[in-house]
Amino acid sequence: MQIIKIVSQSRRDMRVDMQCESCNHIEERVYAYDDDNFHENVIPAMKCKNCGETSPKNYRPLKTKYDEFQQV
């Protein structure tokens with residue numbers, strides 16, 4: 001799965017639209033958390049609800065809006 005659009009964000013809490021790289025299925029308004037762990041570990045391990053696939057090995061995580069140890 002990959003983030004295609006950030007719908008809303010309040011501090012580190014986000015709602016995003018995500019798309020499966022395998023079948024192009026779109027999941028809307030998925031809860032997400034804007035930290036390095038979520039972008040680097042959680043998103044690549046997410047399974048598509050349509051086809052059950054995870055992100056490919058060449059997945060490139062997004063950067064966070066705020067630095068990792070910055071309080072917001």
# chains A, B, ... in the order shown; residues from 1 in each chain; ligands from 1
call {"tool": "residues_around", "arguments": {"residues": "region 20-25 of chain A", "least_positions_apart": "5", "cutoff": "10 Å", "atoms": "only C-alpha atoms", "output": "PyMOL selection string"}}
result
chain A and resi 1-4+46-56+59
call {"tool": "select_by_dssp", "arguments": {"residues": "chain A", "states": "strand (DSSP E or B)", "output": "JSON, numbers by chain"}}
result
{"A": [2, 3, 4, 5, 6, 7, 8, 9, 10, 13, 14, 15, 16, 17, 18, 19, 26, 27, 28, 29, 30, 31, 32, 33]}
call {"tool": "atom_distance", "arguments": {"atom1": "CA of Asp67 (chain A)", "atom2": "CA of Arg11 (chain A)"}}
result
11.6 Å
call {"tool": "residues_around", "arguments": {"residues": "Arg60 (chain A)", "least_positions_apart": "6", "cutoff": "10 Å", "atoms": "only C-alpha atoms", "output": "list in words"}}
result
Gln2, His39, Glu40 and Pro44 of chain A
call {"tool": "write_last_selection", "arguments": {"atoms": "C-alpha atoms", "output": "PDB file, in the first residue's frame"}}
result
ATOM      1  CA  GLN A   2       1.129   3.540  -0.607  1.00  0.00           C
ATOM      2  CA  HIS A  39       6.210   5.091   7.141  1.00  0.00           C
ATOM      3  CA  GLU A  40       9.104   2.603   7.164  1.00  0.00           C
ATOM      4  CA  PRO A  44       5.018  -1.761   3.778  1.00  0.00           C
TER       5      PRO A  44
END
call {"tool": "select_by_dssp", "arguments": {"residues": "chain A", "states": "helix (DSSP H, G or I)", "output": "VMD selection string"}}
result
chain A and resid 36 to 45
call {"tool": "write_last_selection", "arguments": {"atoms": "all heavy atoms", "output": "PDB file, in the first residue's frame"}}
result
ATOM      1  N   ASP A  36       8.368   7.984  11.708  1.00  0.00           N
ATOM      2  CA  ASP A  36       9.240   7.141  10.878  1.00  0.00           C
ATOM      3  C   ASP A  36       8.831   5.675  10.915  1.00  0.00           C
ATOM      4  O   ASP A  36       8.852   4.990   9.897  1.00  0.00           O
ATOM      5  CB  ASP A  36      10.701   7.280  11.308  1.00  0.00           C
ATOM      6  CG  ASP A  36      11.307   8.615  10.898  1.00  0.00           C
ATOM      7  OD1 ASP A  36      10.762   9.251   9.967  1.00  0.00           O
ATOM      8  OD2 ASP A  36      12.320   9.018  11.502  1.00  0.00           O
ATOM      9  N   ASN A  37       8.462   5.164  12.082  1.00  0.00           N
ATOM     10  CA  ASN A  37       8.076   3.763  12.198  1.00  0.00           C
ATOM     11  C   ASN A  37       6.882   3.446  11.299  1.00  0.00           C
ATOM     12  O   ASN A  37       6.878   2.431  10.603  1.00  0.00           O
ATOM     13  CB  ASN A  37       7.742   3.404  13.650  1.00  0.00           C
ATOM     14  CG  ASN A  37       7.300   1.970  13.781  1.00  0.00           C
ATOM     15  OD1 ASN A  37       8.040   1.055  13.443  1.00  0.00           O
ATOM     16  ND2 ASN A  37       6.092   1.768  14.257  1.00  0.00           N
ATOM     17  N   PHE A  38       5.886   4.301  11.302  1.00  0.00           N
ATOM     18  CA  PHE A  38       4.700   4.050  10.484  1.00  0.00           C
ATOM     19  C   PHE A  38       5.063   4.019   8.999  1.00  0.00           C
ATOM     20  O   PHE A  38       4.654   3.124   8.269  1.00  0.00           O
ATOM     21  CB  PHE A  38       3.621   5.103  10.752  1.00  0.00           C
ATOM     22  CG  PHE A  38       2.299   4.753  10.154  1.00  0.00           C
ATOM     23  CD1 PHE A  38       1.428   3.905  10.810  1.00  0.00           C
ATOM     24  CD2 PHE A  38       1.923   5.243   8.914  1.00  0.00           C
ATOM     25  CE1 PHE A  38       0.203   3.556  10.253  1.00  0.00           C
ATOM     26  CE2 PHE A  38       0.710   4.901   8.350  1.00  0.00           C
ATOM     27  CZ  PHE A  38      -0.151   4.058   9.025  1.00  0.00           C
ATOM     28  N   HIS A  39       5.850   5.005   8.562  1.00  0.00           N
ATOM     29  CA  HIS A  39       6.210   5.091   7.141  1.00  0.00           C
ATOM     30  C   HIS A  39       7.155   3.974   6.692  1.00  0.00           C
ATOM     31  O   HIS A  39       7.040   3.485   5.571  1.00  0.00           O
ATOM     32  CB  HIS A  39       6.834   6.454   6.824  1.00  0.00           C
ATOM     33  CG  HIS A  39       5.855   7.584   6.855  1.00  0.00           C
ATOM     34  ND1 HIS A  39       4.925   7.797   5.860  1.00  0.00           N
ATOM     35  CD2 HIS A  39       5.638   8.551   7.773  1.00  0.00           C
ATOM     36  CE1 HIS A  39       4.192   8.853   6.155  1.00  0.00           C
ATOM     37  NE2 HIS A  39       4.602   9.326   7.319  1.00  0.00           N
ATOM     38  N   GLU A  40       8.084   3.574   7.557  1.00  0.00           N
ATOM     39  CA  GLU A  40       9.104   2.603   7.164  1.00  0.00           C
ATOM     40  C   GLU A  40       8.733   1.151   7.454  1.00  0.00           C
ATOM     41  O   GLU A  40       9.243   0.242   6.787  1.00  0.00           O
ATOM     42  CB  GLU A  40      10.427   2.937   7.852  1.00  0.00           C
ATOM     43  CG  GLU A  40      11.000   4.260   7.393  1.00  0.00           C
ATOM     44  CD  GLU A  40      12.235   4.675   8.162  1.00  0.00           C
ATOM     45  OE1 GLU A  40      12.758   3.865   8.958  1.00  0.00           O
ATOM     46  OE2 GLU A  40      12.674   5.818   7.979  1.00  0.00           O
ATOM     47  N   ASN A  41       7.868   0.900   8.438  1.00  0.00           N
ATOM     48  CA  ASN A  41       7.572  -0.477   8.837  1.00  0.00           C
ATOM     49  C   ASN A  41       6.100  -0.867   8.687  1.00  0.00           C
ATOM     50  O   ASN A  41       5.805  -1.953   8.206  1.00  0.00           O
ATOM     51  CB  ASN A  41       8.001  -0.710  10.287  1.00  0.00           C
ATOM     52  CG  ASN A  41       9.484  -0.493  10.477  1.00  0.00           C
ATOM     53  OD1 ASN A  41      10.287  -0.946   9.681  1.00  0.00           O
ATOM     54  ND2 ASN A  41       9.845   0.235  11.512  1.00  0.00           N
ATOM     55  N   VAL A  42       5.197  -0.002   9.122  1.00  0.00           N
ATOM     56  CA  VAL A  42       3.777  -0.352   9.132  1.00  0.00           C
ATOM     57  C   VAL A  42       3.193  -0.346   7.717  1.00  0.00           C
ATOM     58  O   VAL A  42       2.547  -1.317   7.307  1.00  0.00           O
ATOM     59  CB  VAL A  42       2.979   0.591  10.064  1.00  0.00           C
ATOM     60  CG1 VAL A  42       1.495   0.294   9.990  1.00  0.00           C
ATOM     61  CG2 VAL A  42       3.481   0.468  11.486  1.00  0.00           C
ATOM     62  N   ILE A  43       3.404   0.711   6.960  1.00  0.00           N
ATOM     63  CA  ILE A  43       2.826   0.800   5.615  1.00  0.00           C
ATOM     64  C   ILE A  43       3.300  -0.346   4.706  1.00  0.00           C
ATOM     65  O   ILE A  43       2.472  -0.984   4.059  1.00  0.00           O
ATOM     66  CB  ILE A  43       3.087   2.175   4.972  1.00  0.00           C
ATOM     67  CG1 ILE A  43       2.285   3.244   5.715  1.00  0.00           C
ATOM     68  CG2 ILE A  43       2.709   2.164   3.496  1.00  0.00           C
ATOM     69  CD1 ILE A  43       2.527   4.658   5.235  1.00  0.00           C
ATOM     70  N   PRO A  44       4.604  -0.655   4.646  1.00  0.00           N
ATOM     71  CA  PRO A  44       5.018  -1.761   3.778  1.00  0.00           C
ATOM     72  C   PRO A  44       4.424  -3.116   4.174  1.00  0.00           C
ATOM     73  O   PRO A  44       4.280  -4.002   3.340  1.00  0.00           O
ATOM     74  CB  PRO A  44       6.540  -1.785   3.903  1.00  0.00           C
ATOM     75  CG  PRO A  44       6.913  -0.447   4.384  1.00  0.00           C
ATOM     76  CD  PRO A  44       5.763   0.046   5.198  1.00  0.00           C
ATOM     77  N   ALA A  45       4.061  -3.285   5.451  1.00  0.00           N
ATOM     78  CA  ALA A  45       3.499  -4.553   5.916  1.00  0.00           C
ATOM     79  C   ALA A  45       1.979  -4.621   5.776  1.00  0.00           C
ATOM     80  O   ALA A  45       1.398  -5.691   5.960  1.00  0.00           O
ATOM     81  CB  ALA A  45       3.883  -4.783   7.375  1.00  0.00           C
TER      82      ALA A  45
END
call {"tool": "atom_distance", "arguments": {"atom1": "CA of Arg12 (chain A)", "atom2": "CA of Asp35 (chain A)"}}
result
7.1 Å
call {"tool": "atom_distance", "arguments": {"atom1": "CA of Lys5 (chain A)", "atom2": "CA of Gln70 (chain A)"}}
result
23.3 Å
call {"tool": "closest_residue", "arguments": {"among": "A:Thr64, A:Gln71, A:Ser8, A:Asn58", "to": "Arg29 (chain A)", "atoms": "only C-alpha atoms"}}
result
A:Ser8
call {"tool": "residues_around", "arguments": {"residues": "Ser10 (chain A)", "least_positions_apart": "3", "cutoff": "10 Å", "atoms": "only C-alpha atoms", "output": "list in words"}}
result
Asp13, Met14, Arg15, Tyr33, Asp34 and Val72 of chain A
